[in-house]
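Trainee: Shown below is the structure under consideration.
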Amino acid sequence: MRATELLQEIRKMRFEEAYTGWQARRLTQEEAARLLGVHERTFRRYIDRYEEDGLDGLIDKRLSQLSHRRAPVDEVARLEVLYRKRYEGWNVKHFYSFYRRRHGGERSYSWVKNRLQAAGLVVRAPGRGKHRKRRERAPLPGMMVHQDGSTHQWVDGQYWDLIVTMDDATGEHYSMFFVEEEGTASSFRGVRETIAEKGLFCSLYTDRGSHYWYTPEAGGKVDKRRPTQFGRAMAQLGIEMIPAYSPEARGRSERAFATHQGRLPRELAAEGITSIEAANRYLAETYQPAFNEEFMVEAQESGSAFVPLMGVEVDDVLCEQFERTVGADNCVAFEGRTLQIPATGQRMHYVRVKVRVHRYGDGSLVIFHGPRKLAEYEAASGRDQPRIQAAA
């Protein structure tokens with residue numbers, strides 16, 4: 001199933017949940033719209049289209065046709081060349097006045113500004129200060145999930161990272177485990193465990209760690225146009241990522257970690273636990289169930305925003321993916337390793353073909369050509385022969 005088709009199916013399932021909740025008066029139109037990640041007006045349009053054409057009316061027709069109002073490519077190119085050659089460094093308002101007066105420009109100010117920003121010729125102005133207010137919990141489980149890590153001396157003389165994936169609506173912890181160092185692999189693991197237990201959720205709220213986001217300037221805005229490996233995987237699954245810009249914005253997860261830092265070291269010491277393996281077993285078998293029983297709250301509305309993940313092998317999405325070109329000897333060079341592609345019945349060879357190398361959390365590698373798995377490799381180094389060849 002292609003990514004666009006998957007996202008369409010996820011949208012249909014989420015709309016049915018939102019529509020049913022609204023019909024049963026469990027959700028307001030505003031809450032149903034939040035569940036879908038759209039404006040309240042858009043949700044009303046979805047209702048009209050659904051009642052006219054059923055679920056097929058929800059298909060986004062923009063995916064199959066170009067807007068007749070779209071600016072020609074050569075017009076956009078002329079604008080970029082004009083600014084770059086004659087007006088580089090001018091602010092947008094100043095440039096726009098000359099664009100209209102001296103060059104006969106007929107486009108709007110917003111169109112000019114957006115084109116220049118998209119081309120990287122001008123930078124976006126920083127946002128103005130905002131009056132902040134307490135954010136209410138999401139009304140349904142699965143609408144927003146938090147993920148964060150905390151470095152602490154969990155046992156005497158040992159600093160580990162505790163990775164927690166929890167629900168905004170209820171505070172339920174879906175995944176908890178210790179790792180030596182937080183990173184892409186640990187974030188994938190938390191999402192994988194959550195999906196395995198509950199299903200696919202709507203949005204993920206995180207800090208601006210480098211494995212979550214690319215941030216051009218330290219402490220600045222994240223660049224959503226340059227996704228990390230983790231961001232690419234979330235986009236494939238249709239999960240919206242939301243960055244937090246302050247510890248206060250992550251208040252719920254920060255308060256949960258304060259509780260864990262006060263309780264967990266004492267409990268681990270009382271049990272005589274000193275290894276990370278034993279600590280993870282204690283988390284899964286004892287601590288996490290007890291914490292959820294004590295601290296979980298009831299969601300504002302009955303029901304769930306989780307949907308089942310169908311038609312996708314989640315492990316092939318929640319992994320690092322790299323594009324490589326096959327060499328003349330049908331081998332792929334990858335981070336000091338030489339991966340031999342075996343002969344297959346589909347084609348004579350793969351010389352100069354672009355393939356994808358997937359690296360999984362255990363370090364194993366798999367080479368894909370499109371949707372076809374060519375070979376698997378153990379987590380080792382050197383010149384590697386395939387461990388398992390994909391079926392023809």
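Residue numbering restarts at 1 in every chain; chains get A, B, ... in the order shown in the structure tokens, and ligands count up from 1 in that same order.
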Write out as a tab-separated table the residues of region 266-319 of chain A that have any atom within 10 Å of an atom of region 226-231 of chain A, one row each with the nearest atom pair and its distance in Å to one decimal, counting only C-alpha atoms, sorted by chain and then rising number.
Mentor:
residue	atom	partner	partner_atom	distance
A:Val317	CA	A:Phe230	CA	9.4
A:Leu318	CA	A:Phe230	CA	7.5
A:Cys319	CA	A:Gln229	CA	7.7
Trainee: Could you give me, as JSON, numbers by chain, the residues within 12 Å of Glu267 (chain A), counting only C-alpha atoms and dropping anything in the same chain fewer than 6 positions from it?
Mentor: {"A": [154, 155, 260, 261, 273, 274, 279, 282, 283, 286, 287]}
Trainee: Grab the residues selected above and save them as a compact mmCIF listing (two decimals), in the first residue's frame with N, CA and C atoms.
Mentor:
# COMPACT_ATOMS: atom_id res chain seq x y z
N TRP A 154 19.83 6.36 38.26
CA TRP A 154 18.73 5.49 38.66
C TRP A 154 19.19 4.42 39.64
N VAL A 155 20.42 3.96 39.51
CA VAL A 155 21.01 3.08 40.51
C VAL A 155 22.36 3.67 40.90
N HIS A 260 8.99 9.77 38.92
CA HIS A 260 9.86 8.60 38.69
C HIS A 260 11.21 8.77 39.37
N GLN A 261 11.78 9.98 39.30
CA GLN A 261 13.10 10.20 39.92
C GLN A 261 13.02 10.11 41.43
N ILE A 273 18.54 -4.21 42.67
CA ILE A 273 18.76 -4.22 41.21
C ILE A 273 19.89 -3.26 40.86
N THR A 274 20.87 -3.76 40.11
CA THR A 274 22.00 -2.92 39.70
C THR A 274 22.25 -2.95 38.19
N ALA A 279 16.65 -3.95 35.67
CA ALA A 279 15.82 -2.76 35.88
C ALA A 279 14.68 -2.70 34.87
N TYR A 282 11.98 -5.09 35.86
CA TYR A 282 11.20 -4.56 36.98
C TYR A 282 10.21 -3.50 36.50
N LEU A 283 10.65 -2.66 35.55
CA LEU A 283 9.75 -1.65 35.00
C LEU A 283 8.52 -2.30 34.37
N THR A 286 6.48 -4.76 37.16
CA THR A 286 6.01 -4.26 38.45
C THR A 286 5.72 -2.76 38.44
N TYR A 287 6.72 -1.97 38.09
CA TYR A 287 6.60 -0.52 38.30
C TYR A 287 5.57 0.12 37.38
Trainee: Give me the residues within 10 Å of region 77-85 of chain A as a PDB file with C-alpha atoms, in the first residue's frame, counting only C-alpha atoms and dropping any in the same chain fewer than 4 places off.
Mentor:
ATOM      1  CA  PRO A  72       3.609  28.584 -13.747  1.00  0.00           C
ATOM      2  CA  VAL A  73       7.051  27.265 -12.882  1.00  0.00           C
ATOM      3  CA  GLY A  89      19.160  41.213   1.255  1.00  0.00           C
ATOM      4  CA  TRP A  90      16.049  43.381   0.846  1.00  0.00           C
ATOM      5  CA  VAL A  92      10.030  41.361   1.565  1.00  0.00           C
ATOM      6  CA  PHE A  95      11.172  44.187  -2.537  1.00  0.00           C
ATOM      7  CA  TYR A  96       7.416  43.802  -3.097  1.00  0.00           C
ATOM      8  CA  TYR A  99       8.278  44.205  -7.834  1.00  0.00           C
ATOM      9  CA  HIS A 103       8.555  45.012 -12.831  1.00  0.00           C
ATOM     10  CA  GLY A 105       4.229  42.210 -10.735  1.00  0.00           C
ATOM     11  CA  VAL A 112       5.709  36.710  -3.103  1.00  0.00           C
ATOM     12  CA  ARG A 115       7.794  31.896  -2.674  1.00  0.00           C
ATOM     13  CA  LEU A 116      10.899  33.691  -1.406  1.00  0.00           C
ATOM     14  CA  ALA A 119      13.325  29.156  -1.889  1.00  0.00           C
ATOM     15  CA  GLY A 120      15.365  30.078   1.202  1.00  0.00           C
ATOM     16  CA  LEU A 121      16.039  33.604  -0.088  1.00  0.00           C
ATOM     17  CA  VAL A 122      14.508  35.309   2.964  1.00  0.00           C
TER      18      VAL A 122
END
Trainee: List every residue of region 48-252 of chain A that DSSP, applied to the backbone of this structure, assigns to strand (DSSP E), and report them as a PyMOL selection string.
Mentor: chain A and resi 145-155+158-167+173-179+203-206+240-243
Trainee: Find the distance between CA of Asp148 (chain A) and CA of Gln8 (chain A) and write it in Å to one decimal.
Mentor: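 Calculated distance between CA of Asp148 (chain A) and CA of Gln8 (chain A) is 29.0 Å.
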Trainee: What's around Glu193 (chain A) at 12 Å? Count only C-alpha atoms, leave out sequence neighbours fewer than 5 positions away in its own chain, and write the answer as a PyMOL selection string.
Mentor: chain A and resi 163-166+173-177+186-188+198-200+284+314-315+318
Trainee: I want to know what sits within 10 Å of Tyr50 (chain A), based on only C-alpha atoms, with residues of the same chain fewer than 6 positions away left out; could you give that as a list in words?
Mentor: Lys12, Phe15, Glu16, Tyr19, Arg44, Asp56, Gly57 and Leu58 of chain A
Trainee: Can you tell me, as number ranges by chain, what residues are no more than 10 Å from Glu294 (chain A) when counting only C-alpha atoms, ignoring any on the same chain fewer than 5 positions away?
Mentor: A: 172, 288-289
Trainee: Keeping only N, CA and C atoms, write the selected residues as a compact mmCIF listing (two decimals), in the first residue's frame.
Mentor:
# COMPACT_ATOMS: atom_id res chain seq x y z
N GLU A 172 -1.68 7.62 31.02
CA GLU A 172 -1.24 6.23 31.01
C GLU A 172 0.10 6.10 30.31
N GLN A 288 5.63 -0.15 36.09
CA GLN A 288 4.71 0.50 35.15
C GLN A 288 3.25 0.17 35.43
N PRO A 289 2.87 -1.11 35.63
CA PRO A 289 1.47 -1.39 35.95
C PRO A 289 1.01 -0.69 37.23
